[in-house]
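Visitor: So here's start.txt, just compact mmCIF, C-alpha atoms:
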# COMPACT_ATOMS: atom_id res chain seq x y z
CA MET A 15 -9.12 11.43 22.91
CA LYS A 16 -7.21 8.15 23.07
CA SER A 17 -7.31 8.23 26.86
CA LEU A 18 -11.08 8.85 26.83
CA GLY A 19 -11.61 5.92 24.47
CA LEU A 20 -9.63 3.57 26.70
CA ASP A 21 -11.63 4.66 29.76
CA SER A 22 -14.87 3.96 27.87
CA ILE A 23 -13.69 0.47 26.95
CA ARG A 24 -12.76 -0.26 30.57
CA PHE A 25 -16.13 1.01 31.82
CA TYR A 26 -17.99 -1.15 29.28
CA PHE A 27 -15.89 -4.17 30.32
CA VAL A 28 -16.83 -3.75 33.99
CA ILE A 29 -20.56 -3.30 33.29
CA THR A 30 -20.58 -6.36 31.01
CA ILE A 31 -19.17 -8.52 33.80
CA LEU A 32 -21.57 -7.25 36.45
CA VAL A 33 -24.70 -8.07 34.43
CA SER A 34 -23.47 -11.49 33.24
CA GLY A 35 -25.87 -14.30 34.19
CA THR A 36 -23.61 -17.34 33.86
CA ILE A 37 -21.45 -17.04 36.94
CA THR A 38 -20.21 -19.12 39.86
CA PHE A 39 -17.29 -19.61 42.23
CA LEU A 40 -13.92 -21.18 41.68
CA PRO A 41 -11.12 -19.95 43.94
CA ALA A 42 -9.33 -17.40 41.76
CA GLN A 43 -5.91 -16.26 42.88
CA THR A 44 -6.45 -13.10 44.92
CA TYR A 45 -2.79 -12.20 45.51
CA PHE A 46 -0.71 -10.60 42.78
CA ARG A 47 2.72 -9.03 42.80
CA SER A 48 2.72 -5.64 41.10
CA LEU A 49 5.81 -4.38 39.31
CA SER A 50 6.71 -2.19 42.27
CA ASP A 51 6.32 -5.11 44.72
CA SER A 52 9.00 -7.40 43.29
CA SER A 53 11.17 -7.00 46.39
CA ILE A 54 8.41 -7.35 49.01
CA LYS A 55 8.36 -10.40 51.27
CA HIS A 56 6.28 -11.67 54.23
CA GLU A 57 3.16 -9.84 53.10
CA LEU A 58 -0.23 -10.94 54.44
CA THR A 59 -3.52 -10.18 52.67
CA ILE A 60 -7.15 -11.03 53.36
CA THR A 61 -9.84 -10.96 50.67
CA PRO A 62 -13.61 -11.14 51.36
CA LEU A 63 -15.38 -12.59 48.30
CA ILE A 64 -18.90 -12.45 46.92
CA ASP A 65 -20.17 -14.27 43.87
CA TYR A 66 -23.14 -16.01 42.34
CA GLY A 67 -23.09 -19.15 40.28
CA GLU A 68 -23.77 -22.72 39.38
CA LEU A 69 -23.63 -25.53 41.91
CA LYS A 70 -20.37 -27.42 41.47
CA PHE A 71 -21.90 -30.90 41.72
CA ILE A 72 -24.18 -30.18 38.77
CA GLU A 73 -21.05 -30.44 36.61
CA GLY A 74 -20.03 -33.64 38.40
CA PRO A 75 -21.29 -37.22 38.41
CA LEU A 76 -24.42 -36.31 40.39
CA GLY A 77 -25.68 -34.23 37.47
CA GLY A 78 -27.35 -37.17 35.70
CA SER A 79 -28.75 -38.79 38.83
CA ILE A 80 -30.52 -36.02 40.74
CA ASP A 81 -33.68 -34.04 40.03
CA TYR A 82 -34.15 -30.57 41.58
CA ASN A 83 -37.89 -30.73 42.27
CA ASN A 84 -38.53 -30.29 38.54
CA SER A 85 -36.94 -26.83 38.78
CA HIS A 86 -33.93 -27.29 36.55
CA TYR A 87 -33.54 -23.56 36.02
CA LEU A 88 -32.47 -23.20 39.67
CA THR A 89 -28.88 -24.24 39.05
CA ARG A 90 -27.20 -21.10 40.43
CA ALA A 91 -27.09 -19.53 43.89
CA PRO A 92 -25.30 -16.74 45.83
CA GLN A 93 -22.01 -17.50 47.54
CA VAL A 94 -19.73 -15.83 50.08
CA GLY A 95 -16.15 -16.60 50.99
CA CYS A 96 -12.79 -15.38 52.16
CA SER A 97 -9.21 -15.85 51.02
CA ILE A 98 -6.00 -15.40 53.05
CA ASN A 99 -2.61 -15.21 51.34
CA TYR A 100 0.90 -15.08 52.76
CA LEU A 101 3.95 -14.15 50.67
CA ALA A 102 6.56 -16.42 52.25
CA THR A 103 9.33 -15.23 49.90
CA PRO A 104 9.39 -12.56 47.16
CA ASN A 105 8.39 -15.33 44.71
CA ALA A 106 6.29 -17.85 46.68
CA CYS A 107 2.76 -17.28 48.00
CA LEU A 108 0.69 -19.60 50.22
CA GLY A 109 -3.09 -19.32 50.22
CA LEU A 110 -6.11 -20.62 52.11
CA ALA A 111 -9.70 -20.00 50.96
CA ALA A 112 -13.17 -20.97 52.21
CA GLU A 113 -16.46 -20.48 50.38
CA TYR A 114 -20.08 -21.33 51.15
CA GLN A 115 -22.98 -21.56 48.70
CA ILE A 116 -26.68 -21.68 49.54
CA ILE A 117 -28.59 -24.48 47.80
CA PRO A 118 -31.56 -22.87 45.99
CA PHE A 119 -34.02 -25.73 46.58
CA TYR A 120 -35.19 -27.53 49.70
CA THR A 121 -34.94 -31.11 48.44
CA MET A 122 -33.46 -33.05 45.54
CA ASN A 123 -34.58 -36.46 44.32
CA ILE A 124 -31.80 -39.02 43.88
CA ARG A 125 -32.67 -41.29 40.96
CA GLN A 126 -32.00 -45.00 41.16
CA VAL A 127 -31.01 -45.26 37.51
CA TYR A 128 -29.63 -48.75 38.04
CA TYR A 129 -33.20 -50.06 38.26
CA TYR A 130 -35.64 -47.57 36.70
CA THR A 131 -34.98 -44.11 35.34
CA ASN A 132 -37.86 -42.54 37.26
CA VAL A 133 -37.41 -44.33 40.59
CA SER A 134 -36.20 -41.67 43.04
CA ASN A 135 -36.25 -40.64 46.67
CA PRO A 136 -36.33 -37.06 48.05
CA TYR A 137 -33.32 -35.93 50.07
CA LYS A 138 -32.40 -32.70 51.80
CA PHE A 139 -28.83 -31.72 50.91
CA THR A 140 -26.58 -29.88 53.39
CA THR A 141 -23.19 -28.77 52.10
CA SER A 142 -20.05 -27.87 54.00
CA PRO A 143 -17.93 -24.87 52.95
CA GLU A 144 -15.46 -25.58 50.17
CA ILE A 145 -11.92 -25.34 51.57
CA GLU A 146 -8.90 -24.78 49.33
CA ALA A 147 -5.15 -24.59 50.04
CA SER A 148 -2.92 -23.20 47.31
CA PHE A 149 0.67 -22.39 46.38
CA ASN A 150 1.73 -19.93 43.69
CA TYR A 151 5.20 -19.12 42.41
CA PHE A 152 6.01 -15.85 40.62
CA LEU A 153 8.74 -16.03 37.99
CA ASP A 154 11.48 -13.43 38.29
CA ASN A 155 11.14 -10.35 36.05
CA ASP A 156 7.87 -11.60 34.62
CA ASN A 157 4.11 -11.25 35.17
CA PHE A 158 3.64 -15.01 34.86
CA ASN A 159 3.04 -17.39 37.76
CA ILE A 160 2.24 -21.07 38.18
CA GLY A 161 0.74 -22.87 41.15
CA ALA A 162 -0.98 -25.88 42.69
CA ALA A 163 -4.24 -26.09 44.65
CA VAL A 164 -6.16 -28.73 46.62
CA SER A 165 -9.80 -28.31 47.70
CA TYR A 166 -12.41 -30.38 49.56
CA GLN A 167 -16.16 -30.27 50.10
CA SER A 168 -18.78 -32.69 51.43
CA MET A 169 -22.58 -32.94 51.08
CA GLN A 170 -24.82 -34.67 53.61
CA CYS A 171 -28.10 -36.14 52.32
CA THR A 172 -31.03 -36.83 54.66
CA PRO A 173 -34.30 -38.28 53.24
CA THR A 174 -37.56 -36.39 53.60
CA GLY A 175 -39.48 -39.47 52.35
CA GLN A 176 -38.42 -43.09 52.23
CA GLN A 177 -38.48 -45.91 49.71
CA SER A 178 -37.33 -49.31 50.85
CA PHE A 179 -33.96 -49.55 49.09
CA PHE A 180 -32.74 -45.96 49.53
CA PRO A 181 -30.27 -45.25 52.37
CA ASN A 182 -31.31 -43.19 55.37
CA SER A 183 -28.15 -41.13 55.10
CA ILE A 184 -25.69 -40.55 52.26
CA GLN A 185 -22.53 -38.45 52.10
CA PHE A 186 -21.05 -37.21 48.82
CA SER A 187 -17.64 -35.55 48.84
CA TYR A 188 -14.84 -34.62 46.50
CA ILE A 189 -11.15 -33.78 46.53
CA ASP A 190 -10.01 -31.47 43.76
CA ILE A 191 -6.39 -31.08 42.62
CA GLY A 192 -5.67 -28.14 40.33
CA ILE A 193 -2.76 -26.60 38.42
CA PRO A 194 -3.39 -22.86 37.77
CA LEU A 195 -1.46 -20.64 35.35
CA LEU A 196 -1.84 -16.86 35.32
CA TYR A 197 -0.43 -13.90 33.40
CA ASP A 198 -0.85 -10.25 34.47
CA PHE A 199 -0.84 -7.48 31.85
CA GLN A 200 0.71 -4.74 33.95
CA GLU A 201 1.44 -1.54 32.05
CA GLY A 202 3.43 0.26 34.72
CA ASN A 203 3.64 1.18 38.37
CA SER A 204 1.61 4.38 37.90
CA ASN A 205 -1.43 2.66 36.39
CA PRO A 206 -3.84 1.43 39.12
CA LEU A 207 -5.80 -0.79 36.67
CA HIS A 208 -4.58 -3.87 34.86
CA PHE A 209 -6.04 -7.02 33.33
CA TYR A 210 -5.04 -10.68 33.54
CA VAL A 211 -5.81 -14.02 31.92
CA GLY A 212 -5.32 -17.56 33.14
CA MET A 213 -6.24 -21.20 32.90
CA ARG A 214 -6.55 -24.07 35.35
CA ALA A 215 -6.57 -27.84 34.86
CA ASP A 216 -8.24 -29.95 37.59
CA LEU A 217 -8.69 -33.58 38.53
CA THR A 218 -11.68 -34.17 40.83
CA ILE A 219 -12.10 -37.39 42.81
CA TRP A 220 -15.68 -37.98 43.96
CA LYS A 221 -16.75 -40.30 46.77
CA GLU A 222 -20.11 -41.62 47.97
CA LYS A 223 -20.61 -43.09 51.43
CA ASP A 224 -23.71 -44.89 52.69
CA LYS A 225 -23.96 -43.86 56.35
CA THR A 226 -26.92 -46.16 57.13
CA THR A 227 -26.29 -48.54 60.02
CA ASN A 228 -28.70 -51.33 58.97
CA ASN A 229 -29.01 -53.36 55.77
CA SER A 230 -32.36 -52.02 54.61
CA ASP A 231 -30.63 -50.40 51.64
CA SER A 232 -28.76 -53.49 50.44
CA LEU A 233 -30.41 -53.21 47.01
CA TYR A 234 -29.35 -49.59 46.57
CA ALA A 235 -26.88 -49.01 43.71
CA THR A 236 -24.50 -46.13 44.34
CA VAL A 237 -24.63 -43.08 42.09
CA ILE A 238 -20.84 -42.83 41.78
CA VAL A 239 -18.75 -45.77 40.57
CA LYS A 240 -15.20 -46.41 39.37
CA PRO A 241 -14.34 -45.77 35.70
CA GLY A 242 -15.81 -48.40 33.38
CA GLU A 243 -17.90 -50.10 36.07
CA ASP A 244 -21.33 -48.99 34.84
CA ALA A 245 -22.04 -46.52 32.03
CA ARG A 246 -25.44 -45.65 33.53
CA ARG A 247 -23.90 -44.12 36.64
CA GLY A 248 -21.41 -41.34 37.34
CA ASN A 249 -17.65 -41.72 37.05
CA ASN A 250 -15.79 -40.92 40.28
CA LEU A 251 -12.91 -39.30 38.33
CA GLU A 252 -13.52 -36.03 36.51
CA VAL A 253 -11.11 -33.85 34.52
CA SER A 254 -11.94 -30.17 33.95
CA LEU A 255 -10.31 -27.21 32.23
CA LEU A 256 -11.04 -23.60 33.16
CA PHE A 257 -10.26 -20.42 31.19
CA HIS A 258 -10.66 -17.17 33.09
CA GLY A 259 -9.64 -13.53 33.21
CA GLY A 260 -10.47 -10.26 34.81
CA MET A 261 -9.28 -6.94 36.13
CA ARG A 262 -7.55 -5.62 39.25
CA TYR A 263 -7.70 -2.07 40.51
CA SER A 264 -5.72 -0.41 43.31
CA PHE A 265 -7.76 2.18 45.21
CA THR A 266 -4.84 2.81 47.58
CA PRO A 267 -1.54 0.99 48.16
CA SER A 268 -3.28 -1.10 50.84
CA VAL A 269 -6.73 -1.71 49.25
CA ARG A 270 -7.27 -3.41 45.90
CA MET A 271 -10.25 -4.81 44.01
CA GLN A 272 -10.41 -7.93 41.84
CA LEU A 273 -13.15 -8.94 39.40
CA ASP A 274 -12.83 -12.40 37.81
CA ILE A 275 -14.91 -14.33 35.27
CA GLY A 276 -14.40 -17.74 33.68
CA PHE A 277 -15.77 -20.62 31.63
CA GLY A 278 -14.54 -24.08 30.81
CA PHE A 279 -15.18 -27.76 30.28
CA ASN A 280 -16.73 -29.85 33.09
CA CYS A 281 -16.58 -26.84 35.39
CA PRO A 282 -19.14 -24.14 36.24
CA TYR A 283 -19.30 -20.71 34.64
CA TYR A 284 -18.53 -18.06 37.21
CA SER A 285 -17.85 -14.48 38.21
CA GLN A 286 -16.31 -13.28 41.46
CA LEU A 287 -15.71 -9.97 43.17
CA GLY A 288 -13.15 -9.55 45.95
CA ILE A 289 -11.66 -6.67 47.96
CA ILE A 290 -7.99 -7.31 48.77
CA PHE A 291 -6.78 -5.79 52.05
CA ARG A 292 -2.99 -5.69 52.36
CA LEU A 293 -2.47 -6.08 56.10
CA ASN A 294 1.30 -5.73 56.29
CA GLY A 295 4.50 -5.79 54.27
CA TRP A 296 3.33 -3.74 51.28
CA HIS A 297 5.38 -0.73 52.38
CA LYS A 298 8.45 -2.81 53.28
CA LYS A 299 11.25 -3.61 50.87
CA LYS A 300 13.65 -6.49 50.87
CA SER A 301 16.81 -5.50 52.65
If you convert what's in this file into structure tokens, what do you get?
Guide:
Amino acid sequence: MKSLGLDSIRFYFVITILVSGTITFLPAQTYFRSLSDSSIKHELTITPLIDYGELKFIEGPLGGSIDYNNSHYLTRAPQVGCSINYLATPNACLGLAAEYQIIPFYTMNIRQVYYYTNVSNPYKFTTSPEIEASFNYFLDNDNFNIGAAVSYQSMQCTPTGQQSFFPNSIQFSYIDIGIPLLYDFQEGNSNPLHFYVGMRADLTIWKEKDKTTNNSDSLYATVIVKPGEDARRGNNLEVSLLFHGGMRYSFTPSVRMQLDIGFGFNCPYYSQLGIIFRLNGWHKKKS
């Protein structure tokens, strides 16, 4: 009876995550060292990812200066990505992830809040994939690991209409530096399912670049400014804190699943599903 009750709880947990509406992408760690893998080294894994969630720049300095065609409910969109991880030593893992999100609206109006709240110009936004490089270190004889991550993304803005002091081309971009912590609740080598919890602190540095070649936009006031320069516009430095957790399940020794959800401060809510393919090394032991 106890076993049946635990299975019911796990099933309810999975269904709750799948129907959650507040979800988005942040690169969750897709490599984990199970208790039986503590002596493995030089393992390579690849993880296709699917998710659905809020646009990252809505939580950033652009949030107060853009209007989404009066459709503010369209703040989430589907995303796809892929993560590659390499276990360089039994304790150190290197990772590289790329993710792309479709913008759910054709144009956004950038407000010139420096002059008038309602003065705006329509722009078509084109985003690049978000790229992240990461490092994680597993502590000996423990399920705890700590890491560091750096990510980058840019957004090109091309006007679909033109007012005199708005640039013909703008580029927004950010560099994100994160420190993730993670703890796996592994019950034993024979149990294919386990849960984990983690947190991540990030510092995001935003940049805005006017790519116009003439001076027709000399009266344009940038959306993003340095701290303390103008309270009406966005700060180019942003600190965020993420809390997340999820489950991992091993179908076979070489195929695993990961389901991750999270929430935080100054960062999007999200959920993410990934299938982890262990390409090599999982059957090899340290000599």
Visitor: What gap, in Å, lies between atom CA of A:Tyr188 and atom CA of A:Glu146?
Guide: 11.8 Å
Visitor: Could you jot down the atom CA of A:Ser142 to atom CA of A:Gln93 separation for me, Å, one decimal place?
Guide: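 Those two atoms sit 12.4 Å apart.
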Visitor: Which is closer to A:Gly276 than all the others in A:Gly260, A:Pro75, A:Gly161, A:Pro173, using only C-alpha atoms?
Guide: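 Result for the nearest residue to A:Gly276: A:Gly260.
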Visitor: For a test of reading the model, state the distance in Å between atom CA of A:Tyr263 and atom CA of A:Gly109, rounded to one decimal.
Guide: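 A separation of 20.3 Å between them.
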Visitor: As a count of residues only, please: the residues near stretch 285-292 of chain A (cut-off 7 Å, all atoms listed in the file, same-chain neighbours under 3 positions excluded).
Guide: 22
Visitor: Determine, counting all atoms listed in the file, which protein, DNA and RNA residues have an atom within 8 Å of an atom of stretch 240-255 of chain A; residues of the same chain fewer than 6 positions away are not included. Present the result as an mmCIF file with C-alpha atoms, in the frame of the given file.
Guide:
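Result file is out-v4.cif:
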data_model
loop_
_atom_site.group_PDB
_atom_site.id
_atom_site.type_symbol
_atom_site.label_atom_id
_atom_site.label_comp_id
_atom_site.auth_asym_id
_atom_site.auth_seq_id
_atom_site.Cartn_x
_atom_site.Cartn_y
_atom_site.Cartn_z
ATOM 1 C CA GLY A 74 -20.030 -33.640 38.400
ATOM 2 C CA PRO A 75 -21.290 -37.220 38.410
ATOM 3 C CA LEU A 76 -24.420 -36.310 40.390
ATOM 4 C CA GLY A 78 -27.350 -37.170 35.700
ATOM 5 C CA SER A 79 -28.750 -38.790 38.830
ATOM 6 C CA VAL A 127 -31.010 -45.260 37.510
ATOM 7 C CA TYR A 128 -29.630 -48.750 38.040
ATOM 8 C CA MET A 213 -6.240 -21.200 32.900
ATOM 9 C CA ARG A 214 -6.550 -24.070 35.350
ATOM 10 C CA ALA A 215 -6.570 -27.840 34.860
ATOM 11 C CA ASP A 216 -8.240 -29.950 37.590
ATOM 12 C CA LEU A 217 -8.690 -33.580 38.530
ATOM 13 C CA THR A 218 -11.680 -34.170 40.830
ATOM 14 C CA ILE A 219 -12.100 -37.390 42.810
ATOM 15 C CA TRP A 220 -15.680 -37.980 43.960
ATOM 16 C CA LYS A 221 -16.750 -40.300 46.770
ATOM 17 C CA GLY A 278 -14.540 -24.080 30.810
ATOM 18 C CA PHE A 279 -15.180 -27.760 30.280
ATOM 19 C CA ASN A 280 -16.730 -29.850 33.090
ATOM 20 C CA CYS A 281 -16.580 -26.840 35.390
#
Visitor: Rank nothing, just name the residue among A:Gln115, A:Thr172, A:Asn182, A:Asn157 nearest to A:Gly212, using only C-alpha atoms.
Guide: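 Selected residue with least distance to A:Gly212: A:Asn157.
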Visitor: Residues near A:Ala112, anyone? I mean within 9 Å using all atoms listed in the file, not counting same-chain ones fewer than 5 positions away, as a PyMOL selection string.
Guide: chain A and resi 41+94-97+143-146
Visitor: At most 12 Å from (-40.5, -46.5, 48.9), file frame, all atoms listed in the file: which residues, as JSON, numbers by chain?
Guide: {"A": [126, 133, 134, 135, 136, 173, 174, 175, 176, 177, 178, 179, 180, 181, 182, 230, 231, 234]}
Visitor: Can I get the selected residues back with C-alpha atoms, as a PDB file, keeping the file's coordinate frame?
Guide:
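Heads up, here's the output in result-v8.pdb:
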ATOM      1  CA  GLN A 126     -32.000 -45.000  41.160  1.00  0.00           C
ATOM      2  CA  VAL A 133     -37.410 -44.330  40.590  1.00  0.00           C
ATOM      3  CA  SER A 134     -36.200 -41.670  43.040  1.00  0.00           C
ATOM      4  CA  ASN A 135     -36.250 -40.640  46.670  1.00  0.00           C
ATOM      5  CA  PRO A 136     -36.330 -37.060  48.050  1.00  0.00           C
ATOM      6  CA  PRO A 173     -34.300 -38.280  53.240  1.00  0.00           C
ATOM      7  CA  THR A 174     -37.560 -36.390  53.600  1.00  0.00           C
ATOM      8  CA  GLY A 175     -39.480 -39.470  52.350  1.00  0.00           C
ATOM      9  CA  GLN A 176     -38.420 -43.090  52.230  1.00  0.00           C
ATOM     10  CA  GLN A 177     -38.480 -45.910  49.710  1.00  0.00           C
ATOM     11  CA  SER A 178     -37.330 -49.310  50.850  1.00  0.00           C
ATOM     12  CA  PHE A 179     -33.960 -49.550  49.090  1.00  0.00           C
ATOM     13  CA  PHE A 180     -32.740 -45.960  49.530  1.00  0.00           C
ATOM     14  CA  PRO A 181     -30.270 -45.250  52.370  1.00  0.00           C
ATOM     15  CA  ASN A 182     -31.310 -43.190  55.370  1.00  0.00           C
ATOM     16  CA  SER A 230     -32.360 -52.020  54.610  1.00  0.00           C
ATOM     17  CA  ASP A 231     -30.630 -50.400  51.640  1.00  0.00           C
ATOM     18  CA  TYR A 234     -29.350 -49.590  46.570  1.00  0.00           C
TER      19      TYR A 234
END
